[in-house]
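Asker: Once you've had a glance at the structure underneath, I'll fire off some questions.
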Number of protein chains: 2
Amino acid sequence: MKLDLKTELSRRSAAPQTVVPVILSGGSGTRLWPVSRESFPKQFWPLASEMPLIAETALRTFGGEFAPPMIVCNEAHRFMVAEQMRESGVTGARIVLEPVGRNSAPAIAAAALLLAQDDPQAVICMMAADAAIPDGPALRQALLTAAEVARTGMVVTLGIHPTKPETGFGYIEMGKPLEKTPQAHALTRFIEKPDLALAEKLIATGGVLWNSGIFVFTVSTLLEELQAHAPHVLATVRKAVEARTIDLDFIRLGREAFAACPNISLDYAVAEHTTRAAVVPVNFHWSDVGSWSALWDLGEKDGAGNVAVGDVLLEDAQNCYVRSDGMLTAVLGLDDAVVVVTEDAVLAAHKDHAQDVKKIVERLKAAKRPEATTHNLSYRPWGHYEVLILGDRFQVKRIVVKAGEKLSLQSHFHRAEHWVVVEGTAIVTRDEDEILVRENESIYLPLGCKHRLYNPGRIPLSLIEVQSGAYLGEDDIVRYEDTYGRS
Amino acid sequence: MKLDLKTELSRRSAAPQTVVPVILSGGSGTRLWPVSRESFPKQFWPLASEMPLIAETALRTFGGEFAPPMIVCNEAHRFMVAEQMRESGVTGARIVLEPVGRNSAPAIAAAALLLAQDDPQAVICMMAADAAIPDGPALRQALLTAAEVARTGMVVTLGIHPTKPETGFGYIEMGKPLEKTPQAHALTRFIEKPDLALAEKLIATGGVLWNSGIFVFTVSTLLEELQAHAPHVLATVRKAVEARTIDLDFIRLGREAFAACPNISLDYAVAEHTTRAAVVPVNFHWSDVGSWSALWDLGEKDGAGNVAVGDVLLEDAQNCYVRSDGMLTAVLGLDDAVVVVTEDAVLAAHKDHAQDVKKIVERLKAAKRPEATTHNLSYRPWGHYEVLILGDRFQVKRIVVKAGEKLSLQSHFHRAEHWVVVEGTAIVTRDEDEILVRENESIYLPLGCKHRLYNPGRIPLSLIEVQSGAYLGEDDIVRYEDTYGRS
């Protein structure tokens with residue numbers, strides 16, 4: 001494709017606004033249990049650094065040549081996504097809510113249809129929310145190279161030069177360099193996750209790369225390819241986009257249409273069928289953060305090869321990954337072990353069994369154990385709460401309300417509540433009254449009363465809630481008014 | 001020694017009252033951390049069965065031919081001992097308090113001096129509070145045989161027929177059977193804990209037994225032997241006994257004298273020097289419950305050789321000991337591992353390193369970590385409390401007061417308290433007032449007020465305490481009155 005000067009200049013000036021990172025926040029990271037759970041999956045945890053994976057991902061391509069990101073996530077995670085973007089300083093992100101998870105093809109199709117309304121020639125950089133790529137500048141450079149190629153109508157993948165015969169990733173077979181942009185190559189074949197023998201053979205043969213799952217294409221290329229190879233996906237997602245609603249700052253896709261969409265990855269729906277595939281081979285370090293042993297690989301090791309995160313004490317341990325999100329954890333005389341401690345569950349495993357953590361989660365789900373899917377610590381738009389103790393007829397929570405935030409006006413049929421303010425100041429609505437409750441003061445909310453908690457201050461409000469009653473489930477709530485659209 | 005009929009008959013009828021189990025509750029069971037800690041050591045935990053080891057020990061020789069036990073314990077443990085005896089139905093126990101731990105010779109000397117006041121010919125069965133002996137009747141039979149021999153003036157040990165070349169125990173060399181009671185043998189030599197080579201050699205040679213640490217002698221024999229081989233121990237303990245005070249139902253030894261006593265075991269002070277040693281060899285199963293691997297030995301195993309206690313899930317695990325005193329604990333793909341989870345600490349170790357757990361505890365002590373020595377759950381004469389959360393300027397506890405019990409009248413300089421009753425009924429003294437607080441009601445205790453908590457009811461009183469203040473240590477307490485002698 002030959003460009004005249006005018007077109008070229010116009011493209012260059014437009015470019016900074018039209019390369020859009022689209023971050024897919026699907027998946028529940030089951031193999032990283034007990035930290036990662038459906039209610040708070042791995043992308044929201046600081047696993048590879050001090051920052052949550054999704055914030056790392058968004059920051060890597062924030063600013064400069066890139067437009068603000070579009071994030072496609074489970075609607076249950078919307079406040080976490082918004083909060084983590086706010087905390088990491090990623091402004092202008094558009095957050096698209098999936099009523100149900102349907103894998104990457106429907107998610108990216110929805111993003112493309114929404115972006116098409118502004119600019120059908122915008123370039124999409126599709127990335128998972130939960131990978132670790134320490135070298136951000138190298139990624140940006142590779143994406144911009146891929147964007148060049150994408151503007152010629154190609155479906156471009158980033159391929160990682162393999163460092164070992166890994167069996168946990170798919171592979172890509174590389175063809176000849178492209179004429180115009182020789183940093184990119186033709187892509188001759190996708191190869192599914194191989195067994196060890198095949199992986200070794202592939203690497204020995206050369207010319208193969210790991211499939212990073214990072215795709216770059218223009219909106220129009222993707223829509224054409226979906227129309228050609230997965231028309232049903234495109235049609236159902238189009239209905240879901242047409243039926244979207246705006247919910248605060250969120251774009252909520254139509255539930256019925258989206259639920260009707262097949263569960264299918266972009267690899268299966270498009271990448272393996274397209275005749276216009278290209279690959280940009282890259283050398284930077286990339287991890288899918290897929291298991292505890294991947295985190296051991298990523299982590300900083302002591303002299304005995306141990307990675308220790310949190311309140312950990314090691315004695316005669318070697319090549320272990322030990323992580324505690326709270327209590328003291330001592331490891332003695334173990335080699336190649338993974339020990340992970342959260343507020344309500346402990347995993348002790350051999351590193352070679354890291355892929356089987358999902359078996360544990362399946363067994364816990366079958367036994368309907370809450371530890372399989374939810375954490376004691378729950379994030380809400382107004383702050384968070386933590387269950388301290390759940391007794392027979394009582395429950396104690398610590399509740400933290402962010403400055404200026406307000407819970408819904410609510411009542412309960414089965415429980416009364418005591419609130420003791422331990423930090424900050426609260427304004428409590430109790431039926432007809434508004435009561436200021438200061439540090440070290442308390443208030444009683446009898447069963448059935450309409451009440452609301454508001455932090456009018458400049459610092460977080462922290463209180464201890466003691467509930468008593470015959471039934472203490474979160475679903476005993478009637479909401480009359482809510483700032484966050486939940487009533 | 002020849003006895004005439006009259007003496008013999010009188011001895012027989014007196015016998016049921018004069019064989020006294022003396023249970024020594026010393027030691028802190030460091031190798032069973034994180035469950036066993038100084039503040040709540042292993043003898044108070046249900047480790048070998050559903051019952052605490054000390055209760056098992058007391059029950060094994062309770063009733064029938066045995067007088068009620070005398071228990072010698074650390075004064076900090078007095079309410080736990082009393083409570084566990086009450087719970088297990090062991091009535092009439094006398095509890096002797098050591099102001100400081102000084103090993104077994106001073107402890108048994110104190111018991112002997114106290115018993116001498118009633119009956120210098122009483123037979124003492126000295127036993128550690130923390131061994132496991134599943135076959136109670138066999139133990140009783142062996143003790144009664146030993147008592148026969150003891151009445152002839154001998155120092156009798158129970159020796160266990162060894163089942164493997166154990167290096168964790170001392171050994172005993174057995175001589176010829178005694179003429180009068182051929183079930184007992186002369187004891188020719190004590191052998192200190194051997195290395196593996198010597199242990200194997202000893203067992204191959206035959207005629208050796210494990211030293212159980214269970215000794216049987218009359219009060220007068222022991223006092224004579226102490227006078228002969230450890231006169232300084234006897235003299236200082238005699239002063240401590242003379243300086244004793246009676247504290248509720250407890251016999252508290254004189255602090256100064258007892259502290260001046262050397263720290264020495266009965267083995268070193270007497271048994272290795274006496275010329276009148278005998279041994280009763282026994283075949284029953286005995287364990288000193290000395291390490292997590294000993295508990296694995298003792299425990300009931302699944303088909304893969306795992307012992308699982310509490311909320312435990314195993315997948316591809318073999319020959320592991322896994323114990324959780326609370327939260328869900330999953331073990332995956334590990335062999336020969338020990339995983340122990342308490343409310344505030346986790347230990348994951350290789351079974352072969354079970355003896356090195358004390359290294360962990362030493363490191364924690366050096367770092368002044370509370371987890372080294374104390375538990376979140378604290379037992380008091382009136383009930384117990386548990387720290388739910390300790391924040392910067394607040395702390396939340398769950399407090400349980402037994403029916404009819406009363407805390408001390410107290411005040412704090414640095415904290416105010418809120419109490420929310422979640423079960424039962426409280427009478428709260430607050431300065432001049434007495435206030436009835438019912439289930440689901442709360443009360444505020446401002447900083448500095450004199451207050452007292454009383455459970456007047458028939459069921460336990462359970463309340464949530466929220467403390468706030470600049471300093472929240474247990475030592476910020478002024479006690480004005482106390483039912484349990486602590487003011």
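By convention in this document, the chains of the structure tokens carry letters A, B, ... by their order, each chain's residues are numbered from 1, and ligands are numbered from 1 in the order they are shown.
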Counting only C-alpha atoms, which residues from chain A have an atom at most 7 Å from any atom of chain B, and could you show them as a compact mmCIF listing (two decimals) with N, CA and C atoms, in the first residue's frame?
Answerer:
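Full text of part31.txt as output:
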# COMPACT_ATOMS: atom_id res chain seq x y z
N MET A 327 -1.38 -13.72 57.96
CA MET A 327 -0.72 -14.26 59.12
C MET A 327 0.65 -14.85 58.87
N LEU A 328 1.39 -14.91 59.96
CA LEU A 328 2.74 -15.46 59.98
C LEU A 328 2.76 -16.86 59.35
N THR A 329 3.67 -17.06 58.42
CA THR A 329 3.76 -18.34 57.72
C THR A 329 5.21 -18.81 57.75
N ALA A 330 5.44 -19.96 58.40
CA ALA A 330 6.79 -20.50 58.52
C ALA A 330 6.91 -21.75 57.66
N VAL A 331 7.98 -21.82 56.89
CA VAL A 331 8.23 -22.97 56.04
C VAL A 331 9.58 -23.57 56.42
N LEU A 332 9.58 -24.87 56.68
CA LEU A 332 10.74 -25.53 57.26
C LEU A 332 11.07 -26.80 56.47
N GLY A 333 12.25 -26.81 55.87
CA GLY A 333 12.75 -28.06 55.28
C GLY A 333 12.04 -28.51 54.02
N LEU A 334 11.29 -27.62 53.38
CA LEU A 334 10.59 -28.03 52.15
C LEU A 334 11.34 -27.53 50.92
N ASP A 344 -8.67 -16.67 54.87
CA ASP A 344 -9.57 -17.77 55.25
C ASP A 344 -9.20 -19.11 54.63
N ALA A 345 -8.06 -19.22 53.99
CA ALA A 345 -7.69 -20.51 53.41
C ALA A 345 -6.18 -20.61 53.23
N VAL A 346 -5.70 -21.84 53.28
CA VAL A 346 -4.28 -22.14 53.11
C VAL A 346 -4.13 -23.17 52.00
N LEU A 347 -3.16 -22.94 51.13
CA LEU A 347 -2.80 -23.95 50.13
C LEU A 347 -1.33 -24.30 50.34
N ALA A 348 -1.05 -25.60 50.49
CA ALA A 348 0.33 -26.07 50.50
C ALA A 348 0.43 -27.11 49.40
N ALA A 349 1.31 -26.87 48.43
CA ALA A 349 1.34 -27.73 47.25
C ALA A 349 2.77 -27.93 46.78
N HIS A 350 2.97 -28.96 46.01
CA HIS A 350 4.25 -29.11 45.31
C HIS A 350 4.17 -28.28 44.04
N HIS A 353 2.73 -29.55 40.91
CA HIS A 353 1.28 -29.74 40.84
C HIS A 353 0.53 -28.42 40.70
N LEU A 388 -15.34 -10.26 60.32
CA LEU A 388 -14.38 -10.62 61.36
C LEU A 388 -14.76 -11.93 62.02
N PHE A 394 -24.99 -14.03 65.41
CA PHE A 394 -24.38 -12.70 65.31
C PHE A 394 -23.24 -12.72 64.30
N VAL A 422 -14.77 3.75 64.88
CA VAL A 422 -13.43 3.70 65.46
C VAL A 422 -12.48 4.70 64.80
N ASN A 440 -15.40 6.78 68.43
CA ASN A 440 -15.63 6.25 69.77
C ASN A 440 -17.08 6.40 70.24
N SER A 468 -27.04 -8.67 64.92
CA SER A 468 -27.62 -9.82 65.60
C SER A 468 -28.99 -10.11 65.03
Asker: At a cut-off of 10 Å, using only C-alpha atoms, what residues contact region 403-411 of chain B? Leave out same-chain residues fewer than 2 positions from it and give the result as JSON, numbers by chain.
Answerer: {"B": [380, 381, 382, 383, 400, 401, 413, 414, 415, 416, 424, 425, 426, 427, 428, 429, 430, 431, 445, 446, 447, 448, 449, 450, 451, 452, 453, 454, 455, 456, 457, 458, 459, 460, 461, 476, 477, 478, 479, 480, 481, 482, 483, 484, 485, 486, 487]}
Asker: Pull the strand (DSSP E) assignments for region 77-256 of chain A out of DSSP run on the backbone, and list those residues as an MDAnalysis selection string.
Answerer: chainID A and resid 94:98 123:128 155:160 171:177 185:191 208:218 245:247 250:252
Asker: Show which residues sit within 8 Å of Trp210 (chain B), as a list in words. Count only C-alpha atoms, and ignore same-chain residues fewer than 2 positions away.
Answerer: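 Answer for this query is Gly159, Ile160, His161, Pro162, Phe169, Gly170, Tyr171, Ile172, Val208 and Ser212 of chain B.
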Asker: What lies within 9 Å of Gly290 (chain B) using only C-alpha atoms, ignoring chain neighbours under 3 positions off, as a PyMOL selection string?
Answerer: chain B and resi 29-32+130-131+168+287+293-295+355
Asker: What lies within 8 Å of region 180-196 of chain B using only C-alpha atoms, ignoring chain neighbours under 6 positions off, as a list in words?
Answerer: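 Answer for this query is Thr145, Ala146, Glu148, Val149, Pro165, Glu166, Thr167, Gly168, Phe169, Gly170, Tyr171, Ile172, Glu173, Met174, Glu272, Ala277, Ala278, Val279, Val280 and Pro281 of chain B.
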Asker: So, counting only C-alpha atoms, which residue among A:Gln117, A:Pro106, A:Lys358, A:Ser291 is closest to Leu234 (chain A)?
Answerer: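 Between A:Gln117, A:Pro106, A:Lys358, A:Ser291, the residue approaching Leu234 (chain A) most closely is A:Pro106.
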Asker: Write out as a PDB file with N, CA, C and O atoms, in the first residue's frame the set of residues from region 159-213 of chain A that DSSP, computed on the backbone, places in alpha helix (DSSP H).
Answerer:
ATOM      1  N   LEU A 196       5.232 -32.050  25.850  1.00  0.00           N
ATOM      2  CA  LEU A 196       6.636 -31.671  26.009  1.00  0.00           C
ATOM      3  C   LEU A 196       7.474 -32.061  24.795  1.00  0.00           C
ATOM      4  O   LEU A 196       8.300 -31.271  24.314  1.00  0.00           O
ATOM      5  N   ALA A 197       7.219 -33.263  24.273  1.00  0.00           N
ATOM      6  CA  ALA A 197       8.014 -33.745  23.132  1.00  0.00           C
ATOM      7  C   ALA A 197       7.856 -32.811  21.937  1.00  0.00           C
ATOM      8  O   ALA A 197       8.836 -32.385  21.315  1.00  0.00           O
ATOM      9  N   LEU A 198       6.583 -32.442  21.658  1.00  0.00           N
ATOM     10  CA  LEU A 198       6.332 -31.560  20.523  1.00  0.00           C
ATOM     11  C   LEU A 198       6.930 -30.175  20.778  1.00  0.00           C
ATOM     12  O   LEU A 198       7.525 -29.560  19.871  1.00  0.00           O
ATOM     13  N   ALA A 199       6.791 -29.698  22.031  1.00  0.00           N
ATOM     14  CA  ALA A 199       7.331 -28.374  22.355  1.00  0.00           C
ATOM     15  C   ALA A 199       8.833 -28.353  22.106  1.00  0.00           C
ATOM     16  O   ALA A 199       9.373 -27.394  21.527  1.00  0.00           O
ATOM     17  N   GLU A 200       9.517 -29.423  22.520  1.00  0.00           N
ATOM     18  CA  GLU A 200      10.971 -29.493  22.312  1.00  0.00           C
ATOM     19  C   GLU A 200      11.304 -29.518  20.828  1.00  0.00           C
ATOM     20  O   GLU A 200      12.231 -28.846  20.365  1.00  0.00           O
ATOM     21  N   LYS A 201      10.514 -30.282  20.086  1.00  0.00           N
ATOM     22  CA  LYS A 201      10.739 -30.385  18.649  1.00  0.00           C
ATOM     23  C   LYS A 201      10.519 -29.034  17.963  1.00  0.00           C
ATOM     24  O   LYS A 201      11.321 -28.596  17.131  1.00  0.00           O
ATOM     25  N   LEU A 202       9.452 -28.348  18.367  1.00  0.00           N
ATOM     26  CA  LEU A 202       9.136 -27.043  17.774  1.00  0.00           C
ATOM     27  C   LEU A 202      10.280 -26.062  17.991  1.00  0.00           C
ATOM     28  O   LEU A 202      10.704 -25.348  17.076  1.00  0.00           O
ATOM     29  N   ILE A 203      10.781 -26.066  19.215  1.00  0.00           N
ATOM     30  CA  ILE A 203      11.840 -25.111  19.542  1.00  0.00           C
ATOM     31  C   ILE A 203      13.130 -25.461  18.804  1.00  0.00           C
ATOM     32  O   ILE A 203      13.845 -24.586  18.308  1.00  0.00           O
ATOM     33  N   ALA A 204      13.407 -26.762  18.694  1.00  0.00           N
ATOM     34  CA  ALA A 204      14.607 -27.198  17.977  1.00  0.00           C
ATOM     35  C   ALA A 204      14.520 -26.796  16.500  1.00  0.00           C
ATOM     36  O   ALA A 204      15.494 -26.321  15.902  1.00  0.00           O
ATOM     37  N   THR A 205      13.345 -26.956  15.908  1.00  0.00           N
ATOM     38  CA  THR A 205      13.141 -26.597  14.509  1.00  0.00           C
ATOM     39  C   THR A 205      13.364 -25.101  14.285  1.00  0.00           C
ATOM     40  O   THR A 205      13.874 -24.675  13.251  1.00  0.00           O
TER      41      THR A 205
END
Asker: Counting only C-alpha atoms, figure out which residue out of A:Gly254, A:Gly310, A:Pro134, A:Gly175 gets nearest to Glu242 (chain A).
Answerer: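 The answer is A:Gly254, which sits nearest to Glu242 (chain A).
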Asker: What is the distance between CA of Leu226 (chain A) and CA of Pro99 (chain A), in Å to one decimal?
Answerer: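 Taking CA of Leu226 (chain A) as the start and CA of Pro99 (chain A) as the end point, the length is 21.1 Å.
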Asker: Which neighbours of Val96 (chain B) fall inside 9 Å, counting only C-alpha atoms, when residues of the same chain fewer than 2 positions from it are skipped, and could you give them as number ranges by chain?
Answerer: B: 70-75, 78, 94, 98, 107, 110-111, 250-253
Asker: Mind checking which residues fall within 12 Å of region 60-65 of chain B, counting only C-alpha atoms, ignoring those fewer than 3 positions away in the same chain, and posting them as a VMD selection string?
Answerer: chain B and resid 12 to 23 51 53 to 57 68 to 70 85 88 to 93 123 to 127 129 131 to 145 147
Asker: Expressed in Å to a single decimal, how great is the separation between CA of Ala116 (chain B) and CA of Ser25 (chain B)?
Answerer: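 Taking CA of Ala116 (chain B) as the start and CA of Ser25 (chain B) as the end point, the length is 20.8 Å.
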